[in-house]
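One file, model_5.cif, is given below (mmCIF, C-alpha atoms).
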```
data_data
#
loop_
_atom_site.group_PDB
_atom_site.id
_atom_site.type_symbol
_atom_site.label_atom_id
_atom_site.label_comp_id
_atom_site.auth_asym_id
_atom_site.auth_seq_id
_atom_site.Cartn_x
_atom_site.Cartn_y
_atom_site.Cartn_z
ATOM 1 C CA MET I 1 75.723 111.144 65.226
ATOM 2 C CA LYS I 2 72.663 109.681 66.897
ATOM 3 C CA ARG I 3 73.342 107.018 69.487
ATOM 4 C CA GLN I 4 71.283 103.862 69.259
ATOM 5 C CA LEU I 5 71.795 102.735 72.833
ATOM 6 C CA SER I 6 70.505 104.566 75.857
ATOM 7 C CA PHE I 7 72.075 103.952 79.211
ATOM 8 C CA ASN I 8 70.586 104.492 82.572
ATOM 9 C CA ASN I 9 72.815 102.247 84.542
ATOM 10 C CA LYS I 10 74.632 103.725 87.466
ATOM 11 C CA GLU I 11 76.474 100.470 88.142
ATOM 12 C CA VAL I 12 78.322 100.744 84.844
ATOM 13 C CA HIS I 13 79.387 104.277 85.728
ATOM 14 C CA VAL I 14 80.550 103.150 89.170
ATOM 15 C CA ILE I 15 82.593 100.300 87.711
ATOM 16 C CA TYR I 16 84.518 102.773 85.610
ATOM 17 C CA PHE I 17 84.897 105.064 88.578
ATOM 18 C CA VAL I 18 86.409 102.396 90.817
ATOM 19 C CA SER I 19 88.471 100.329 88.392
ATOM 20 C CA ASN I 20 92.199 100.600 88.832
ATOM 21 C CA SER I 21 93.465 98.392 86.026
ATOM 22 C CA ALA I 22 92.390 97.202 82.601
ATOM 23 C CA ILE I 23 91.779 93.661 83.768
ATOM 24 C CA SER I 24 89.751 94.629 86.837
ATOM 25 C CA LEU I 25 87.620 96.899 84.638
ATOM 26 C CA PHE I 26 87.169 94.097 82.108
ATOM 27 C CA LYS I 27 86.206 91.531 84.759
ATOM 28 C CA MET I 28 83.801 93.820 86.588
ATOM 29 C CA MET I 29 82.120 94.903 83.351
ATOM 30 C CA ARG I 30 81.766 91.301 82.210
ATOM 31 C CA ASP I 31 80.233 90.343 85.561
ATOM 32 C CA ASN I 32 77.767 93.219 85.431
ATOM 33 C CA TYR I 33 74.163 92.146 84.910
ATOM 34 C CA PHE I 34 73.323 94.963 82.500
ATOM 35 C CA VAL I 35 76.379 94.331 80.322
ATOM 36 C CA GLN I 36 75.898 90.578 80.339
ATOM 37 C CA ASN I 37 72.126 90.316 79.980
ATOM 38 C CA GLU I 38 71.125 93.403 78.093
ATOM 39 C CA LEU I 39 74.016 94.880 76.136
ATOM 40 C CA ALA I 40 75.576 91.564 75.167
ATOM 41 C CA GLN I 41 72.248 90.326 73.823
ATOM 42 C CA MET I 42 72.484 92.833 70.986
ATOM 43 C CA PRO I 43 74.059 91.699 67.705
ATOM 44 C CA ALA I 44 77.828 92.163 67.546
ATOM 45 C CA THR I 45 77.524 94.364 64.471
ATOM 46 C CA ASP I 46 75.214 96.788 66.288
ATOM 47 C CA LEU I 47 77.525 96.944 69.290
ATOM 48 C CA ILE I 48 80.578 97.540 67.125
ATOM 49 C CA ASN I 49 78.811 100.284 65.196
ATOM 50 C CA GLU I 50 77.665 101.898 68.439
ATOM 51 C CA PHE I 51 81.189 101.776 69.824
ATOM 52 C CA LEU I 52 82.651 103.303 66.672
ATOM 53 C CA GLU I 53 80.070 106.081 66.628
ATOM 54 C CA ARG I 54 80.671 106.986 70.255
ATOM 55 C CA ALA I 55 84.443 106.652 70.042
ATOM 56 C CA GLY I 56 84.406 108.877 66.985
ATOM 57 C CA ASP I 57 82.601 111.625 68.836
ATOM 58 C CA THR I 58 85.241 114.176 69.739
ATOM 59 C CA LYS I 59 82.868 115.905 72.159
ATOM 60 C CA GLN I 60 82.780 112.813 74.326
ATOM 61 C CA ILE I 61 84.622 113.766 77.456
ATOM 62 C CA SER I 62 82.482 112.745 80.386
ATOM 63 C CA SER I 63 83.584 109.852 82.543
ATOM 64 C CA ASP I 64 80.065 108.407 82.286
ATOM 65 C CA ASP I 65 80.452 108.421 78.515
ATOM 66 C CA MET I 66 83.754 106.598 78.893
ATOM 67 C CA ALA I 67 82.119 104.076 81.223
ATOM 68 C CA GLU I 68 79.421 103.394 78.653
ATOM 69 C CA LEU I 69 82.013 103.080 75.910
ATOM 70 C CA TYR I 70 83.828 100.433 77.933
ATOM 71 C CA ALA I 71 80.528 98.667 78.681
ATOM 72 C CA ILE I 72 79.812 98.387 74.951
ATOM 73 C CA PHE I 73 83.411 97.331 74.305
ATOM 74 C CA VAL I 74 83.204 94.558 76.888
ATOM 75 C CA ALA I 75 79.731 93.481 75.704
ATOM 76 C CA ILE I 76 81.308 92.734 72.327
ATOM 77 C CA THR I 77 83.554 90.174 74.035
ATOM 78 C CA PHE I 78 80.481 87.995 74.611
ATOM 79 C CA HIS I 79 80.320 87.482 70.857
ATOM 80 C CA ASP I 80 82.699 85.721 68.533
ATOM 81 C CA GLY I 81 83.289 85.376 64.817
ATOM 82 C CA LYS I 82 85.475 87.041 62.246
ATOM 83 C CA GLU I 83 83.982 90.499 62.614
ATOM 84 C CA VAL I 84 84.596 90.441 66.360
ATOM 85 C CA ASP I 85 88.153 89.160 65.946
ATOM 86 C CA ASP I 86 88.827 91.831 63.331
ATOM 87 C CA PHE I 87 87.380 94.467 65.623
ATOM 88 C CA PHE I 88 89.570 93.519 68.572
ATOM 89 C CA SER I 89 92.614 93.230 66.313
ATOM 90 C CA PHE I 90 91.864 96.791 65.261
ATOM 91 C CA ALA I 91 91.277 97.791 68.886
ATOM 92 C CA LEU I 92 94.902 96.914 69.670
ATOM 93 C CA SER I 93 95.705 100.209 67.962
ATOM 94 C CA ILE I 94 93.441 102.290 70.248
ATOM 95 C CA LYS I 95 96.154 103.780 72.410
ATOM 96 C CA HIS I 96 93.768 105.472 74.758
ATOM 97 C CA GLU I 97 93.631 104.310 78.347
ATOM 98 C CA TRP I 98 92.928 100.541 78.472
ATOM 99 C CA PHE I 99 91.181 99.662 75.211
ATOM 100 C CA ALA I 100 94.259 98.088 73.653
ATOM 101 C CA GLU I 101 95.049 96.129 76.809
ATOM 102 C CA ILE I 102 91.533 94.750 77.041
ATOM 103 C CA ALA I 103 91.602 93.853 73.358
ATOM 104 C CA GLN I 104 94.893 92.045 73.877
ATOM 105 C CA TYR I 105 93.490 90.225 76.901
ATOM 106 C CA TYR I 106 90.418 89.185 74.931
ATOM 107 C CA LEU I 107 92.399 87.974 71.927
ATOM 108 C CA SER I 108 94.782 86.021 74.148
ATOM 109 C CA ASN I 109 92.219 84.409 76.390
ATOM 110 C CA TYR I 110 88.806 84.290 74.813
ATOM 111 C CA THR I 111 89.092 83.718 71.072
ATOM 112 C CA PRO I 112 88.318 80.139 70.051
ATOM 113 C CA LEU I 113 90.794 78.465 67.730
ATOM 114 C CA PRO I 114 89.486 77.896 64.204
ATOM 115 C CA ASN I 115 90.168 74.143 64.261
ATOM 116 C CA TYR I 116 88.359 72.912 67.304
ATOM 117 C CA LYS I 117 88.822 69.202 67.904
ATOM 118 C CA VAL I 118 87.445 66.863 70.544
ATOM 119 C CA TYR I 119 89.226 63.622 71.289
ATOM 120 C CA ASN I 120 87.510 60.867 73.218
ATOM 121 C CA LEU I 121 90.144 58.679 74.798
ATOM 122 C CA SER I 122 89.007 55.284 75.938
ATOM 123 C CA PRO I 123 91.175 52.574 77.503
ATOM 124 C CA ALA I 124 93.308 50.677 74.970
ATOM 125 C CA LYS I 125 92.368 47.276 76.369
ATOM 126 C CA PRO I 126 89.057 46.100 77.804
ATOM 127 C CA GLN I 127 89.221 46.114 81.560
ATOM 128 C CA PRO I 128 88.226 42.988 83.467
ATOM 129 C CA LYS I 129 86.229 45.109 85.870
ATOM 130 C CA GLN I 130 84.177 48.125 84.859
ATOM 131 C CA ASN I 131 86.005 51.250 85.885
ATOM 132 C CA THR I 132 83.744 53.911 87.257
ATOM 133 C CA ASP I 133 86.507 56.401 87.898
ATOM 134 C CA PRO I 134 85.639 59.474 85.769
ATOM 135 C CA ALA I 135 89.330 60.314 85.494
ATOM 136 C CA GLU I 136 89.724 57.309 83.184
ATOM 137 C CA ASN I 137 87.379 58.812 80.599
ATOM 138 C CA ILE I 138 88.951 62.153 79.983
ATOM 139 C CA ILE I 139 87.814 64.337 77.115
ATOM 140 C CA PHE I 140 90.575 66.550 75.829
ATOM 141 C CA GLN I 141 89.455 69.730 74.178
ATOM 142 C CA GLU I 142 91.905 71.556 72.012
ATOM 143 C CA GLY I 143 91.308 75.263 72.023
ATOM 144 C CA LYS I 144 91.223 78.353 74.168
ATOM 145 C CA GLN I 145 88.465 79.416 76.467
ATOM 146 C CA HIS I 146 85.372 80.347 74.542
ATOM 147 C CA ALA I 147 84.001 83.848 74.674
ATOM 148 C CA LEU I 148 80.752 82.743 76.280
ATOM 149 C CA MET W 1 88.579 90.122 53.595
ATOM 150 C CA SER W 2 89.100 91.889 56.917
ATOM 151 C CA ASN W 3 86.683 94.437 58.297
ATOM 152 C CA VAL W 4 88.041 97.973 58.410
ATOM 153 C CA PHE W 5 87.324 100.166 61.414
ATOM 154 C CA ILE W 6 88.161 103.828 61.864
ATOM 155 C CA ILE W 7 87.712 106.086 64.867
ATOM 156 C CA ASN W 8 88.925 109.591 65.515
ATOM 157 C CA GLY W 9 87.507 110.587 68.872
ATOM 158 C CA LEU W 10 89.905 108.975 71.348
ATOM 159 C CA PRO W 11 93.214 110.813 71.544
ATOM 160 C CA LYS W 12 96.356 108.730 71.603
ATOM 161 C CA GLU W 13 97.952 108.483 75.015
ATOM 162 C CA GLU W 14 101.562 107.622 75.600
ATOM 163 C CA PRO W 15 102.077 107.185 79.317
ATOM 164 C CA ALA W 16 105.553 107.620 80.712
ATOM 165 C CA SER W 17 107.132 105.295 83.242
ATOM 166 C CA ILE W 18 109.881 105.474 85.830
ATOM 167 C CA GLY W 19 112.432 103.007 87.127
ATOM 168 C CA LEU W 20 110.616 101.110 89.863
ATOM 169 C CA MET W 21 111.636 97.911 91.570
ATOM 170 C CA THR W 22 111.053 95.883 94.675
ATOM 171 C CA PHE W 23 113.709 95.881 97.357
ATOM 172 C CA LYS W 24 114.843 92.584 95.828
ATOM 173 C CA ARG W 25 115.416 94.530 92.618
ATOM 174 C CA THR W 26 112.627 93.014 90.564
ATOM 175 C CA ASP W 27 111.458 95.551 87.992
ATOM 176 C CA ILE W 28 107.885 96.744 88.406
ATOM 177 C CA GLU W 29 106.035 97.932 85.298
ATOM 178 C CA ASN W 30 104.299 101.254 85.841
ATOM 179 C CA ALA W 31 102.663 104.108 83.957
ATOM 180 C CA GLN W 32 102.242 107.819 84.498
ATOM 181 C CA TYR W 33 99.258 109.377 82.768
ATOM 182 C CA SER W 34 99.149 113.140 82.644
ATOM 183 C CA ALA W 35 95.896 114.285 81.034
ATOM 184 C CA LEU W 36 92.870 114.505 83.281
ATOM 185 C CA LEU W 37 89.258 114.435 82.173
ATOM 186 C CA LYS W 38 87.570 117.655 83.217
ATOM 187 C CA SER W 39 84.416 115.701 83.934
ATOM 188 C CA GLU W 40 86.243 113.526 86.433
ATOM 189 C CA ILE W 41 86.863 116.572 88.554
ATOM 190 C CA GLU W 42 83.275 117.702 88.173
ATOM 191 C CA THR W 43 81.770 114.341 89.116
ATOM 192 C CA GLU W 44 84.036 113.739 92.062
ATOM 193 C CA LYS W 45 81.854 115.481 94.632
ATOM 194 C CA SER W 46 78.820 113.432 93.710
ATOM 195 C CA THR W 47 80.667 110.194 94.359
ATOM 196 C CA GLU W 48 81.793 110.939 97.898
ATOM 197 C CA ALA W 49 78.696 109.201 99.276
ATOM 198 C CA MET W 50 80.103 105.883 98.099
ATOM 199 C CA TYR W 51 82.775 106.269 100.757
ATOM 200 C CA LEU W 52 80.819 108.111 103.427
ATOM 201 C CA SER W 53 83.743 110.492 103.484
ATOM 202 C CA SER W 54 85.312 113.478 101.712
ATOM 203 C CA PHE W 55 87.949 113.654 99.025
ATOM 204 C CA ARG W 56 91.073 115.569 99.849
ATOM 205 C CA GLU W 57 93.657 117.420 97.807
ATOM 206 C CA TYR W 58 93.288 117.150 94.047
ATOM 207 C CA PRO W 59 92.544 114.540 91.374
ATOM 208 C CA THR W 60 95.465 113.228 89.350
ATOM 209 C CA ARG W 61 96.218 110.434 86.916
ATOM 210 C CA MET W 62 99.896 110.447 87.816
ATOM 211 C CA TYR W 63 99.244 107.515 90.139
ATOM 212 C CA ASN W 64 96.418 105.139 90.966
ATOM 213 C CA CYS W 65 95.603 103.302 94.197
ATOM 214 C CA HIS W 66 98.465 100.830 93.743
ATOM 215 C CA GLY W 67 100.835 103.685 92.939
ATOM 216 C CA MET W 68 99.817 105.383 96.157
ATOM 217 C CA THR W 69 100.125 102.202 98.216
ATOM 218 C CA PHE W 70 103.277 100.736 96.692
ATOM 219 C CA ALA W 71 105.099 103.445 94.729
ATOM 220 C CA CYS W 72 105.019 106.533 96.957
ATOM 221 C CA ARG W 73 102.585 108.336 94.632
ATOM 222 C CA ARG W 74 105.231 108.652 91.908
ATOM 223 C CA THR W 75 103.506 106.505 89.288
ATOM 224 C CA GLY W 76 100.626 104.114 88.706
ATOM 225 C CA ILE W 77 100.785 100.317 88.769
ATOM 226 C CA TYR W 78 98.146 98.770 86.558
ATOM 227 C CA SER W 79 98.968 95.080 86.509
ATOM 228 C CA ASP W 80 97.738 92.442 88.955
ATOM 229 C CA GLU W 81 100.887 90.480 88.237
ATOM 230 C CA MET W 82 103.069 93.367 89.418
ATOM 231 C CA ILE W 83 101.085 93.675 92.656
ATOM 232 C CA ARG W 84 101.464 89.942 93.254
ATOM 233 C CA ILE W 85 105.241 90.256 92.814
ATOM 234 C CA ILE W 86 105.364 93.117 95.321
ATOM 235 C CA LEU W 87 103.231 91.221 97.834
ATOM 236 C CA LYS W 88 105.282 88.064 97.430
ATOM 237 C CA GLU W 89 108.649 89.771 97.770
ATOM 238 C CA GLU W 90 107.929 92.483 100.289
ATOM 239 C CA TYR W 91 104.846 91.676 102.344
ATOM 240 C CA ARG W 92 103.326 89.028 104.582
ATOM 241 C CA GLU W 93 99.646 88.523 105.117
ATOM 242 C CA ILE W 94 98.043 89.432 108.431
ATOM 243 C CA LYS W 95 95.397 86.749 108.667
ATOM 244 C CA ASP W 96 93.522 88.022 111.684
ATOM 245 C CA ARG W 97 91.876 91.393 111.426
ATOM 246 C CA LYS W 98 92.448 92.133 115.089
ATOM 247 C CA ASP W 99 96.215 92.032 114.446
ATOM 248 C CA VAL W 100 96.084 94.809 111.838
ATOM 249 C CA LEU W 101 98.130 97.913 112.615
ATOM 250 C CA SER W 102 98.335 101.351 111.092
ATOM 251 C CA GLY W 103 100.851 101.267 108.250
ATOM 252 C CA ASP W 104 99.605 97.908 106.969
ATOM 253 C CA VAL W 105 98.028 97.731 103.541
ATOM 254 C CA VAL W 106 94.730 96.218 102.458
ATOM 255 C CA ILE W 107 94.074 94.578 99.113
ATOM 256 C CA TYR W 108 90.532 94.202 97.801
ATOM 257 C CA PHE W 109 90.119 91.011 95.776
ATOM 258 C CA LEU W 110 87.351 89.922 93.433
ATOM 259 C CA GLY W 111 88.033 86.223 93.055
ATOM 260 C CA THR W 112 91.666 86.089 92.072
ATOM 261 C CA ASN W 113 91.607 89.585 90.594
ATOM 262 C CA ILE W 114 92.957 92.575 92.451
ATOM 263 C CA LEU W 115 90.469 95.416 92.464
ATOM 264 C CA HIS W 116 91.957 97.941 94.789
ATOM 265 C CA SER W 117 94.550 98.681 97.450
ATOM 266 C CA ALA W 118 94.730 101.120 100.339
ATOM 267 C CA MET W 119 96.911 102.065 103.307
ATOM 268 C CA VAL W 120 95.728 101.529 106.861
ATOM 269 C CA MET W 121 95.760 104.889 108.610
ATOM 270 C CA SER W 122 94.220 104.189 111.984
ATOM 271 C CA VAL W 123 93.036 101.183 113.910
ATOM 272 C CA ASN W 124 90.603 101.226 116.811
ATOM 273 C CA HIS W 125 89.256 97.709 116.625
ATOM 274 C CA PRO W 126 86.935 96.881 115.084
ATOM 275 C CA ILE W 127 87.123 100.211 113.259
ATOM 276 C CA ILE W 128 89.818 100.397 110.605
ATOM 277 C CA ARG W 129 90.257 103.514 108.527
ATOM 278 C CA VAL W 130 92.281 103.553 105.324
ATOM 279 C CA LEU W 131 93.598 106.066 102.829
ATOM 280 C CA SER W 132 92.812 105.153 99.259
ATOM 281 C CA LYS W 133 92.459 106.471 95.750
ATOM 282 C CA SER W 134 90.521 105.307 92.712
ATOM 283 C CA ARG W 135 91.601 106.005 89.137
ATOM 284 C CA ALA W 136 92.137 109.706 88.619
ATOM 285 C CA HIS W 137 90.208 110.767 91.666
ATOM 286 C CA SER W 138 91.563 112.430 94.756
ATOM 287 C CA GLU W 139 92.743 110.513 97.764
ATOM 288 C CA ILE W 140 90.109 109.760 100.360
ATOM 289 C CA GLU W 141 90.195 108.477 103.920
ATOM 290 C CA HIS W 142 87.367 106.095 104.753
ATOM 291 C CA LEU W 143 86.271 103.005 106.676
ATOM 292 C CA VAL W 144 87.927 99.914 105.237
ATOM 293 C CA ASP W 145 84.568 98.233 104.643
ATOM 294 C CA TYR W 146 82.643 101.240 103.386
ATOM 295 C CA THR W 147 83.661 101.493 99.761
ATOM 296 C CA PRO W 148 82.331 100.759 96.292
ATOM 297 C CA TYR W 149 84.360 97.533 96.657
ATOM 298 C CA ALA W 150 82.165 96.342 99.521
ATOM 299 C CA ASN W 151 81.500 92.897 98.037
ATOM 300 C CA SER W 152 85.163 92.132 97.581
ATOM 301 C CA GLU W 153 87.361 90.051 99.857
ATOM 302 C CA LYS W 154 89.773 92.125 101.899
ATOM 303 C CA LYS W 155 93.215 90.871 102.872
ATOM 304 C CA PHE W 156 95.706 92.746 105.018
ATOM 305 C CA TYR W 157 99.472 92.757 104.531
ATOM 306 C CA ARG W 158 102.465 94.074 106.415
ATOM 307 C CA ILE W 159 105.918 94.927 105.085
ATOM 308 C CA ASN W 160 108.327 92.045 105.500
ATOM 309 C CA HIS W 161 111.957 92.670 104.616
ATOM 310 C CA GLU W 162 113.191 89.492 106.257
ATOM 311 C CA THR W 163 116.036 91.342 107.915
ATOM 312 C CA PRO W 164 118.533 88.838 109.327
ATOM 313 C CA ILE W 165 119.156 88.984 113.065
ATOM 314 C CA ILE W 166 122.810 89.476 113.989
ATOM 315 C CA ILE W 167 123.689 87.746 117.243
#
```

Once you've parsed the file, please lay out its structure as structure tokens.
Amino acid sequence: MKRQLSFNNKEVHVIYFVSNSAISLFKMMRDNYFVQNELAQMPATDLINEFLERAGDTKQISSDDMAELYAIFVAITFHDGKEVDDFFSFALSIKHEWFAEIAQYYLSNYTPLPNYKVYNLSPAKPQPKQNTDPAENIIFQEGKQHAL
Amino acid sequence: MSNVFIINGLPKEEPASIGLMTFKRTDIENAQYSALLKSEIETEKSTEAMYLSSFREYPTRMYNCHGMTFACRRTGIYSDEMIRIILKEEYREIKDRKDVLSGDVVIYFLGTNILHSAMVMSVNHPIIRVLSKSRAHSEIEHLVDYTPYANSEKKFYRINHETPIII
């Protein structure tokens, strides 16, 4: 199957080469300029399709190919929405190296909750003197860390 | 309706594990992978420049850097949390680089994340050489600062069993 994305990024290959755990790979890939500013700019659907095409290629054995597969996988984490959540829920079943672990990490730490509420808490009684302490005007946000 | 995804190309891996614990008997999660990508062997030579050194022996996925540093090469340790437990229970930090001795270990941090670990092999201040290993690749002896992890923060640790002194 023809690949839509072309890589010429040695940094991505090096990240895969040097990573020693799923989380360090995930963090380094997410911090990478190419992953963040080029790959992640593509629509989630395109990235998912590219990942599925490459992951379905049984001839794919090179470590550079694996590095690129992870780069696409991590680029998807910059997106959100039902398709992305469904994809990472599915990815929990990819029992190859660290894909399932990264998917689990993403779902646990980056998925926004569906009911996102913002509460503005102001003092119950008017204060005689205007309080300029920012700690008195706390905004509580209910929800997990957002993907972006 | 949920999206349905299917892939066939990535073979299922079921890593084994062994009983591993700190000297305080805290269990340490670990994983032994057996299969090795042929390409990883082929590309190894081309990556030696990143260390300014030469790989030795043979590549293996039986252990990773943390498995070499903390588990006697018997298995791999892939969780930052497990490394933190080991460091907390068994090691103390050597704050000053000039106090580092051979036999100490070095941890490469990226923020709060643990990227890599290695064993100090020789010290001739300011030159510190370590033995390390990345992923499935062979072990390699190199300068502590000359690695692909060059931008990371390096912290040194020494074993600390808190043996009581009998008077």

Any chance you could work out the residue set of the PyMOL selection byres ((chain I and resi 32) around 12) here, as a PyMOL selection string?
chain I and resi 9-16+25-31+33-40+71-72+74-75

Running the PyMOL selection byres ((chain W and resi 12) around 12) on this model by hand, what would come out? Give it as a compact mmCIF listing (two decimals) with C-alpha atoms, keeping the file's coordinate frame.
```
# COMPACT_ATOMS: atom_id res chain seq x y z
CA SER I 93 95.70 100.21 67.96
CA ILE I 94 93.44 102.29 70.25
CA LYS I 95 96.15 103.78 72.41
CA HIS I 96 93.77 105.47 74.76
CA GLU I 97 93.63 104.31 78.35
CA TRP I 98 92.93 100.54 78.47
CA PHE I 99 91.18 99.66 75.21
CA ALA I 100 94.26 98.09 73.65
CA ILE W 7 87.71 106.09 64.87
CA ASN W 8 88.92 109.59 65.52
CA GLY W 9 87.51 110.59 68.87
CA LEU W 10 89.90 108.98 71.35
CA PRO W 11 93.21 110.81 71.54
CA GLU W 13 97.95 108.48 75.02
CA GLU W 14 101.56 107.62 75.60
CA PRO W 15 102.08 107.18 79.32
CA TYR W 33 99.26 109.38 82.77
CA ALA W 35 95.90 114.28 81.03
```

Any idea what's packed within 8 Å of range 159-165 of chain W, counting all atoms listed in the file, ignoring anything in its chain fewer than 6 positions away? Could you give it as JSON, numbers by chain?
{"W": [90, 91, 92, 104]}

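For the structure in this document, the set picked by the PyMOL selection byres ((chain I) within 6 of (chain W)) is I:Val18, I:Asn20, I:Ser21, I:Ser24, I:Ala55, I:Gly56, I:Asp57, I:Thr58, I:Ser62, I:Ser63, I:Lys95, I:His96.
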
Enclose range 149-157 of chain W, meaning all of its atoms listed in the file, in a box aligned along x, y and z, pad it by 4 Å on each side, and list the centre and edge lengths in Å to one decimal, as AutoDock Vina command-line options.
```
--center_x 90.5 --center_y 93.8 --center_z 100.8 --size_x 26.0 --size_y 15.5 --size_z 16.4
```

Taking only C-alpha atoms into account, which of I:Gln104, I:Glu53, I:Phe78, I:Glu68 comes nearest Phe90 in chain I?
I:Gln104

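The gap separating CA of Ile28 in chain W from CA of Phe88 in chain I is 27.2 Å, in Å to one decimal.
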